[in-house]
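Structure file protein36.pdb with PDB, C-alpha atoms:
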```pdb
ATOM      1  CA  MET A  24      67.035 -51.085  63.629
ATOM      2  CA  ASP A  25      63.388 -50.087  63.415
ATOM      3  CA  ILE A  26      63.714 -46.292  63.390
ATOM      4  CA  ALA A  27      59.943 -45.783  63.594
ATOM      5  CA  THR A  28      59.798 -47.529  66.987
ATOM      6  CA  VAL A  29      62.654 -45.468  68.395
ATOM      7  CA  ILE A  30      61.231 -42.182  67.094
ATOM      8  CA  GLY A  31      57.757 -43.049  68.376
ATOM      9  CA  LEU A  32      58.925 -43.932  71.893
ATOM     10  CA  VAL A  33      61.287 -40.992  72.241
ATOM     11  CA  GLY A  34      58.765 -38.565  70.750
ATOM     12  CA  ALA A  35      55.959 -39.658  73.086
ATOM     13  CA  PHE A  36      58.103 -39.331  76.209
ATOM     14  CA  VAL A  37      59.560 -35.989  75.117
ATOM     15  CA  LEU A  38      56.075 -34.542  74.591
ATOM     16  CA  ILE A  39      54.904 -35.812  77.984
ATOM     17  CA  ILE A  40      57.961 -34.381  79.756
ATOM     18  CA  MET A  41      57.495 -31.041  77.992
ATOM     19  CA  ALA A  42      53.883 -30.928  79.199
ATOM     20  CA  MET A  43      54.989 -31.614  82.790
ATOM     21  CA  GLY A  44      56.955 -28.405  83.147
ATOM     22  CA  ASP A  45      58.976 -29.561  86.153
ATOM     23  CA  PRO A  46      59.452 -33.339  85.714
ATOM     24  CA  SER A  47      60.791 -33.743  89.268
ATOM     25  CA  VAL A  48      57.283 -33.135  90.612
ATOM     26  CA  PHE A  49      56.145 -36.303  88.836
ATOM     27  CA  VAL A  50      58.847 -38.556  90.281
ATOM     28  CA  ASP A  51      57.742 -40.645  93.246
ATOM     29  CA  VAL A  52      59.781 -43.650  94.344
ATOM     30  CA  PRO A  53      56.933 -45.591  96.052
ATOM     31  CA  SER A  54      54.811 -45.198  92.912
ATOM     32  CA  VAL A  55      57.659 -46.474  90.723
ATOM     33  CA  LEU A  56      58.152 -49.485  92.994
ATOM     34  CA  ILE A  57      54.452 -50.325  92.988
ATOM     35  CA  VAL A  58      53.862 -49.995  89.230
ATOM     36  CA  ILE A  59      57.141 -50.975  87.579
ATOM     37  CA  GLY A  60      58.325 -53.416  90.237
ATOM     38  CA  GLY A  61      54.853 -54.836  90.777
ATOM     39  CA  THR A  62      54.228 -55.294  87.048
ATOM     40  CA  ALA A  63      57.595 -57.016  86.532
ATOM     41  CA  ALA A  64      57.069 -59.330  89.519
ATOM     42  CA  THR A  65      53.515 -60.228  88.503
ATOM     43  CA  VAL A  66      54.541 -60.927  84.890
ATOM     44  CA  LEU A  67      57.306 -63.173  86.204
ATOM     45  CA  ASN A  68      54.683 -64.978  88.267
ATOM     46  CA  THR A  69      52.905 -65.942  85.027
ATOM     47  CA  THR A  70      55.948 -67.511  83.351
ATOM     48  CA  THR A  71      59.417 -68.949  83.911
ATOM     49  CA  ILE A  72      62.864 -67.371  83.835
ATOM     50  CA  PRO A  73      63.570 -68.724  80.309
ATOM     51  CA  GLY A  74      60.167 -67.411  79.247
ATOM     52  CA  LEU A  75      60.988 -63.981  80.634
ATOM     53  CA  ILE A  76      64.336 -63.983  78.825
ATOM     54  CA  GLY A  77      62.494 -64.889  75.637
ATOM     55  CA  ALA A  78      60.096 -61.970  76.155
ATOM     56  CA  ILE A  79      63.046 -59.600  76.598
ATOM     57  CA  LYS A  80      64.448 -60.862  73.292
ATOM     58  CA  VAL A  81      61.058 -60.232  71.695
ATOM     59  CA  PHE A  82      61.117 -56.696  73.109
ATOM     60  CA  LEU A  83      64.583 -56.047  71.685
ATOM     61  CA  LYS A  84      63.459 -57.501  68.355
ATOM     62  CA  SER A  85      60.685 -54.898  68.174
ATOM     63  CA  ILE A  86      63.376 -52.186  68.310
ATOM     64  CA  LEU A  87      66.293 -53.791  66.473
ATOM     65  CA  HIS A  88      64.260 -55.688  63.859
ATOM     66  CA  SER A  89      65.261 -55.184  60.250
ATOM     67  CA  SER A  90      64.061 -57.632  57.635
ATOM     68  CA  GLU A  91      64.535 -58.243  53.951
ATOM     69  CA  THR A  92      61.901 -56.890  51.608
ATOM     70  CA  PRO A  93      59.789 -59.335  49.553
ATOM     71  CA  GLU A  94      61.435 -57.901  46.447
ATOM     72  CA  LYS A  95      64.886 -58.906  47.693
ATOM     73  CA  ILE A  96      63.704 -62.362  48.711
ATOM     74  CA  ILE A  97      62.063 -63.016  45.344
ATOM     75  CA  GLU A  98      65.080 -61.651  43.480
ATOM     76  CA  GLN A  99      67.480 -63.922  45.340
ATOM     77  CA  LEU A 100      65.304 -67.019  44.933
ATOM     78  CA  VAL A 101      64.893 -66.365  41.203
ATOM     79  CA  GLU A 102      68.671 -66.026  40.973
ATOM     80  CA  LEU A 103      69.127 -69.329  42.822
ATOM     81  CA  GLY A 104      66.572 -70.954  40.504
ATOM     82  CA  THR A 105      68.486 -69.710  37.479
ATOM     83  CA  ILE A 106      71.739 -71.155  38.810
ATOM     84  CA  ALA A 107      70.106 -74.492  39.659
ATOM     85  CA  LYS A 108      68.460 -74.692  36.237
ATOM     86  CA  LYS A 109      71.724 -73.972  34.460
ATOM     87  CA  ASP A 110      74.362 -75.755  36.565
ATOM     88  CA  GLY A 111      72.420 -78.153  38.783
ATOM     89  CA  MET A 112      71.621 -78.143  42.505
ATOM     90  CA  ILE A 113      75.228 -78.721  43.525
ATOM     91  CA  ALA A 114      76.092 -75.257  42.187
ATOM     92  CA  LEU A 115      73.976 -73.702  44.969
ATOM     93  CA  GLU A 116      76.391 -74.907  47.632
ATOM     94  CA  GLY A 117      78.808 -72.012  47.227
ATOM     95  CA  GLN A 118      76.202 -69.242  47.158
ATOM     96  CA  ASP A 119      76.324 -66.481  49.778
ATOM     97  CA  ILE A 120      72.950 -66.667  51.538
ATOM     98  CA  LYS A 121      72.668 -64.506  54.662
ATOM     99  CA  ASN A 122      69.089 -65.479  55.512
ATOM    100  CA  PRO A 123      69.393 -68.519  57.866
ATOM    101  CA  PHE A 124      65.940 -69.884  56.989
ATOM    102  CA  MET A 125      66.663 -69.766  53.265
ATOM    103  CA  ALA A 126      70.175 -71.154  53.777
ATOM    104  CA  ARG A 127      68.805 -74.245  55.554
ATOM    105  CA  GLY A 128      66.424 -74.888  52.697
ATOM    106  CA  VAL A 129      69.177 -74.507  50.117
ATOM    107  CA  ARG A 130      71.329 -77.025  52.009
ATOM    108  CA  MET A 131      68.472 -79.519  51.734
ATOM    109  CA  LEU A 132      68.286 -78.835  47.994
ATOM    110  CA  VAL A 133      72.006 -79.482  47.628
ATOM    111  CA  ASP A 134      71.630 -82.729  49.604
ATOM    112  CA  GLY A 135      68.933 -83.889  47.177
ATOM    113  CA  THR A 136      66.097 -83.897  49.732
ATOM    114  CA  ASP A 137      62.644 -84.629  48.311
ATOM    115  CA  PRO A 138      60.638 -81.409  47.637
ATOM    116  CA  VAL A 139      57.771 -82.679  49.816
ATOM    117  CA  LEU A 140      60.134 -83.217  52.757
ATOM    118  CA  ILE A 141      61.677 -79.780  52.240
ATOM    119  CA  LYS A 142      58.231 -78.201  52.373
ATOM    120  CA  GLN A 143      57.195 -80.170  55.468
ATOM    121  CA  SER A 144      60.437 -79.433  57.314
ATOM    122  CA  MET A 145      60.352 -75.708  56.637
ATOM    123  CA  GLU A 146      56.653 -75.393  57.458
ATOM    124  CA  THR A 147      57.300 -77.144  60.784
ATOM    125  CA  GLU A 148      60.016 -74.599  61.532
ATOM    126  CA  MET A 149      57.604 -71.795  60.628
ATOM    127  CA  ASP A 150      55.039 -73.176  63.092
ATOM    128  CA  GLN A 151      57.665 -73.281  65.847
ATOM    129  CA  ILE A 152      58.696 -69.691  65.131
ATOM    130  CA  LYS A 153      55.071 -68.513  65.258
ATOM    131  CA  ALA A 154      54.598 -70.336  68.572
ATOM    132  CA  ARG A 155      57.662 -68.611  70.059
ATOM    133  CA  HIS A 156      56.467 -65.237  68.823
ATOM    134  CA  GLN A 157      53.000 -65.857  70.234
ATOM    135  CA  SER A 158      54.463 -66.744  73.619
ATOM    136  CA  GLY A 159      56.380 -63.473  73.735
ATOM    137  CA  ASN A 160      53.375 -61.505  72.489
ATOM    138  CA  ASP A 161      51.169 -63.056  75.174
ATOM    139  CA  MET A 162      53.604 -62.022  77.875
ATOM    140  CA  ILE A 163      53.719 -58.456  76.601
ATOM    141  CA  GLY A 164      49.924 -58.479  76.467
ATOM    142  CA  ASN A 165      49.892 -59.596  80.106
ATOM    143  CA  ALA A 166      52.215 -56.728  81.027
ATOM    144  CA  GLN A 167      49.923 -54.302  79.193
ATOM    145  CA  ASP A 168      46.973 -55.487  81.288
ATOM    146  CA  LEU A 169      48.884 -55.649  84.567
ATOM    147  CA  ALA A 170      50.461 -52.172  84.497
ATOM    148  CA  PRO A 171      47.126 -50.294  84.879
ATOM    149  CA  ALA A 172      46.052 -52.871  87.485
ATOM    150  CA  MET A 173      49.167 -52.175  89.539
ATOM    151  CA  GLY A 174      48.457 -48.469  89.103
ATOM    152  CA  MET A 175      45.006 -49.020  90.571
ATOM    153  CA  ILE A 176      46.482 -50.952  93.491
ATOM    154  CA  GLY A 177      48.843 -48.040  94.101
ATOM    155  CA  THR A 178      45.914 -45.647  93.978
ATOM    156  CA  LEU A 179      44.089 -47.655  96.638
ATOM    157  CA  ILE A 180      47.213 -47.765  98.794
ATOM    158  CA  GLY A 181      47.552 -43.984  98.491
ATOM    159  CA  LEU A 182      43.904 -43.459  99.425
ATOM    160  CA  VAL A 183      44.245 -45.665 102.505
ATOM    161  CA  LEU A 184      47.367 -43.763 103.568
ATOM    162  CA  MET A 185      45.679 -40.419 102.956
ATOM    163  CA  LEU A 186      42.492 -41.280 104.836
ATOM    164  CA  GLY A 187      44.473 -42.773 107.698
ATOM    165  CA  ASN A 188      46.467 -39.572 108.172
ATOM    166  CA  MET A 189      43.832 -36.885 107.737
ATOM    167  CA  ALA A 190      44.856 -35.393 111.069
ATOM    168  CA  ASP A 191      48.404 -34.795 109.771
ATOM    169  CA  PRO A 192      48.339 -32.315 106.854
ATOM    170  CA  LYS A 193      51.993 -33.073 106.021
ATOM    171  CA  ALA A 194      51.177 -36.736 105.335
ATOM    172  CA  ILE A 195      48.300 -35.992 102.973
ATOM    173  CA  GLY A 196      50.531 -34.665 100.159
ATOM    174  CA  PRO A 197      52.825 -37.713  99.791
ATOM    175  CA  ALA A 198      49.840 -40.073 100.042
ATOM    176  CA  MET A 199      48.007 -38.088  97.358
ATOM    177  CA  ALA A 200      51.121 -38.277  95.153
ATOM    178  CA  VAL A 201      51.105 -42.067  95.400
ATOM    179  CA  THR A 202      47.376 -42.070  94.628
ATOM    180  CA  LEU A 203      47.655 -40.087  91.408
ATOM    181  CA  LEU A 204      51.123 -40.978  90.146
ATOM    182  CA  THR A 205      50.632 -44.733  90.261
ATOM    183  CA  THR A 206      47.612 -44.372  87.976
ATOM    184  CA  MET A 207      49.626 -42.151  85.634
ATOM    185  CA  TYR A 208      52.608 -44.515  85.579
ATOM    186  CA  GLY A 209      50.363 -47.495  84.840
ATOM    187  CA  ALA A 210      48.634 -45.678  81.968
ATOM    188  CA  ILE A 211      51.945 -44.516  80.465
ATOM    189  CA  ILE A 212      53.586 -47.945  80.630
ATOM    190  CA  ALA A 213      50.550 -49.766  79.232
ATOM    191  CA  ASN A 214      49.646 -47.352  76.424
ATOM    192  CA  ILE A 215      52.996 -45.889  75.356
ATOM    193  CA  ILE A 216      55.298 -48.883  75.780
ATOM    194  CA  PHE A 217      53.451 -52.205  75.822
ATOM    195  CA  MET A 218      50.469 -51.534  73.540
ATOM    196  CA  PRO A 219      52.501 -50.169  70.580
ATOM    197  CA  MET A 220      55.094 -52.887  71.143
ATOM    198  CA  LEU A 221      52.429 -55.591  70.958
ATOM    199  CA  VAL A 222      50.956 -54.153  67.752
ATOM    200  CA  LYS A 223      54.438 -53.894  66.234
ATOM    201  CA  LEU A 224      55.316 -57.473  67.117
ATOM    202  CA  GLU A 225      52.038 -58.849  65.772
ATOM    203  CA  GLY A 226      52.799 -57.102  62.486
ATOM    204  CA  TYR A 227      56.342 -58.485  62.583
ATOM    205  CA  THR A 228      55.000 -62.022  63.070
ATOM    206  CA  ALA A 229      52.621 -61.595  60.138
ATOM    207  CA  TYR A 230      55.488 -60.351  57.950
ATOM    208  CA  GLU A 231      57.719 -63.248  59.019
ATOM    209  CA  THR A 232      54.963 -65.658  57.990
ATOM    210  CA  ILE A 233      54.657 -64.033  54.562
ATOM    211  CA  TYR A 234      58.347 -63.907  53.755
ATOM    212  CA  ARG A 235      59.094 -67.417  55.035
ATOM    213  CA  GLY A 236      56.150 -68.680  53.000
ATOM    214  CA  LEU A 237      57.765 -67.108  49.932
ATOM    215  CA  VAL A 238      61.009 -68.916  50.698
ATOM    216  CA  VAL A 239      59.186 -72.260  51.000
ATOM    217  CA  ILE A 240      57.387 -71.721  47.684
ATOM    218  CA  GLY A 241      60.565 -70.642  45.919
ATOM    219  CA  LEU A 242      62.700 -73.526  47.168
ATOM    220  CA  ARG A 243      59.977 -76.083  46.464
ATOM    221  CA  ASN A 244      59.763 -74.929  42.865
ATOM    222  CA  ILE A 245      63.538 -74.845  42.482
ATOM    223  CA  ALA A 246      63.582 -78.469  43.675
ATOM    224  CA  ARG A 247      60.992 -79.322  41.022
ATOM    225  CA  GLY A 248      63.149 -77.774  38.315
ATOM    226  CA  GLU A 249      60.676 -74.985  37.484
ATOM    227  CA  SER A 250      61.819 -72.136  35.262
ATOM    228  CA  PRO A 251      62.916 -68.899  36.991
ATOM    229  CA  ARG A 252      59.901 -67.114  35.509
ATOM    230  CA  ASN A 253      57.464 -69.652  36.963
ATOM    231  CA  ILE A 254      59.241 -69.463  40.319
ATOM    232  CA  GLN A 255      58.820 -65.705  40.379
ATOM    233  CA  ASP A 256      55.180 -65.796  39.271
ATOM    234  CA  GLN A 257      54.202 -68.318  41.936
ATOM    235  CA  MET A 258      55.880 -66.334  44.699
ATOM    236  CA  VAL A 259      54.302 -63.056  43.586
ATOM    237  CA  ALA A 260      50.866 -64.724  43.404
ATOM    238  CA  ASN A 261      51.048 -65.421  47.149
ATOM    239  CA  LEU A 262      51.608 -61.793  48.114
ATOM    240  CA  PRO A 263      48.837 -59.355  49.118
ATOM    241  CA  PRO A 264      47.452 -57.330  46.173
ATOM    242  CA  LYS A 265      49.282 -54.146  47.178
ATOM    243  CA  MET A 266      52.639 -55.930  47.220
ATOM    244  CA  GLN A 267      51.857 -57.591  43.885
ATOM    245  CA  ALA A 268      51.118 -54.208  42.324
ATOM    246  CA  LYS A 269      54.328 -52.783  43.758
ATOM    247  CA  LEU A 270      56.419 -55.628  42.345
ATOM    248  CA  GLU A 271      54.734 -55.433  38.949
ATOM    249  CA  ALA A 272      55.388 -51.680  38.850
ATOM    250  CA  ALA A 273      59.033 -52.284  39.691
TER
END
```

Show how you would write the structure in this file as structure tokens.
Amino acid sequence: MDIATVIGLVGAFVLIIMAMGDPSVFVDVPSVLIVIGGTAATVLNTTTIPGLIGAIKVFLKSILHSSETPEKIIEQLVELGTIAKKDGMIALEGQDIKNPFMARGVRMLVDGTDPVLIKQSMETEMDQIKARHQSGNDMIGNAQDLAPAMGMIGTLIGLVLMLGNMADPKAIGPAMAVTLLTTMYGAIIANIIFMPMLVKLEGYTAYETIYRGLVVIGLRNIARGESPRNIQDQMVANLPPKMQAKLEAA
């Protein structure tokens, strides 16, 4: 689980609630229906049910995501290269590999697949993964844009209700609540939930690209019979400078 995401979300909402004093004053059912319901319905209008389910999975991934570090990936691939160099590719078949992407590549090694085909197959899978991530990110970006828009619609509805009932003082208060609270709800949803989520998921996609690229490089070089040292050096060379320095220090 990504603890930073959980702490960030909970912390932001706790601070807002503390600033409210009496949170019940800021609860308005029509405003909730307009902003939350309207945003959900409009987002659904831009996609399909399977697409929406995929976006929900992307949302959960932003909270529950936990990935292997580059150090662990490189260490395991160097270990696999050592085994393959010493005992042959068939010896990789019994290895415990929890990473599904790496495990598929190792199965191709064991089957004697050509290194070029291994690289092409795994890069195709990487492209498909990036496309799925981008689809989910686009939907979250749409929700980020639509939440303030629905808040503005709610504000206009509240203004119409307020101006249409100026003769009734009791009706002005509820209409004013809709006017202000819909704007607040839209701003909170867009800037505290969807915007950080989108940034987090874009970073997650970038990390997935880096670590899967390392796996492709490592497996390709294992298939070529490279030495474990060369395998490690070529993987490290494809990391950003900060990660290279960290690995060299370790």

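Taken over the shown file, the PyMOL selection byres ((chain A and resi 263) around 12) identifies Pro93, Ala229, Tyr230, Ile233, Tyr234, Leu237, Met258, Val259, Ala260, Asn261, Leu262, Pro264, Lys265, Met266, Gln267, Ala268, Lys269 and Leu270 of chain A.
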
Which residue is closest to Pro73 in chain A? Choose from A:Gln257, A:Ser158, A:Leu186, A:Gly248 and count only C-alpha atoms.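 Residue with the minimum atom-to-atom distance to Pro73 in chain A: A:Ser158.
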
Just how far from CA of Ile195 in chain A is CA of Ala213 in chain A, in Å to one decimal?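 One can read the CA of Ala213 in chain A to CA of Ile195 in chain A distance as 27.5 Å.
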
What does the distance from CA of Asp256 in chain A to CA of Asp150 in chain A come to in Å, to one decimal?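 We find that CA of Asp256 in chain A and CA of Asp150 in chain A lie 24.9 Å from each other.
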
For range 35-51 of chain A, list every protein, DNA or RNA residue within 8 Å, evaluated using all atoms listed in the file, and leave out those in the same chain fewer than 4 positions away; present the list as a ChimeraX atom specification. /A:31,55,200-201,204,215

Val129 in chain A: which residues within 10 Å, counting all atoms listed in the file, same-chain residues fewer than 5 positions away excluded, as a PDB file with C-alpha atoms, in the frame of the given file?
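Writing done, so here's out_15.pdb:
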```
ATOM      1  CA  LEU A 100      65.304 -67.019  44.933  1.00  0.00           C
ATOM      2  CA  LEU A 103      69.127 -69.329  42.822  1.00  0.00           C
ATOM      3  CA  MET A 112      71.621 -78.143  42.505  1.00  0.00           C
ATOM      4  CA  ILE A 113      75.228 -78.721  43.525  1.00  0.00           C
ATOM      5  CA  LEU A 115      73.976 -73.702  44.969  1.00  0.00           C
ATOM      6  CA  GLU A 116      76.391 -74.907  47.632  1.00  0.00           C
ATOM      7  CA  GLN A 118      76.202 -69.242  47.158  1.00  0.00           C
ATOM      8  CA  ILE A 120      72.950 -66.667  51.538  1.00  0.00           C
ATOM      9  CA  PRO A 123      69.393 -68.519  57.866  1.00  0.00           C
ATOM     10  CA  PHE A 124      65.940 -69.884  56.989  1.00  0.00           C
ATOM     11  CA  ASP A 134      71.630 -82.729  49.604  1.00  0.00           C
ATOM     12  CA  GLY A 135      68.933 -83.889  47.177  1.00  0.00           C
ATOM     13  CA  THR A 136      66.097 -83.897  49.732  1.00  0.00           C
ATOM     14  CA  ILE A 141      61.677 -79.780  52.240  1.00  0.00           C
ATOM     15  CA  VAL A 238      61.009 -68.916  50.698  1.00  0.00           C
ATOM     16  CA  LEU A 242      62.700 -73.526  47.168  1.00  0.00           C
ATOM     17  CA  ILE A 245      63.538 -74.845  42.482  1.00  0.00           C
ATOM     18  CA  ALA A 246      63.582 -78.469  43.675  1.00  0.00           C
TER      19      ALA A 246
END
```
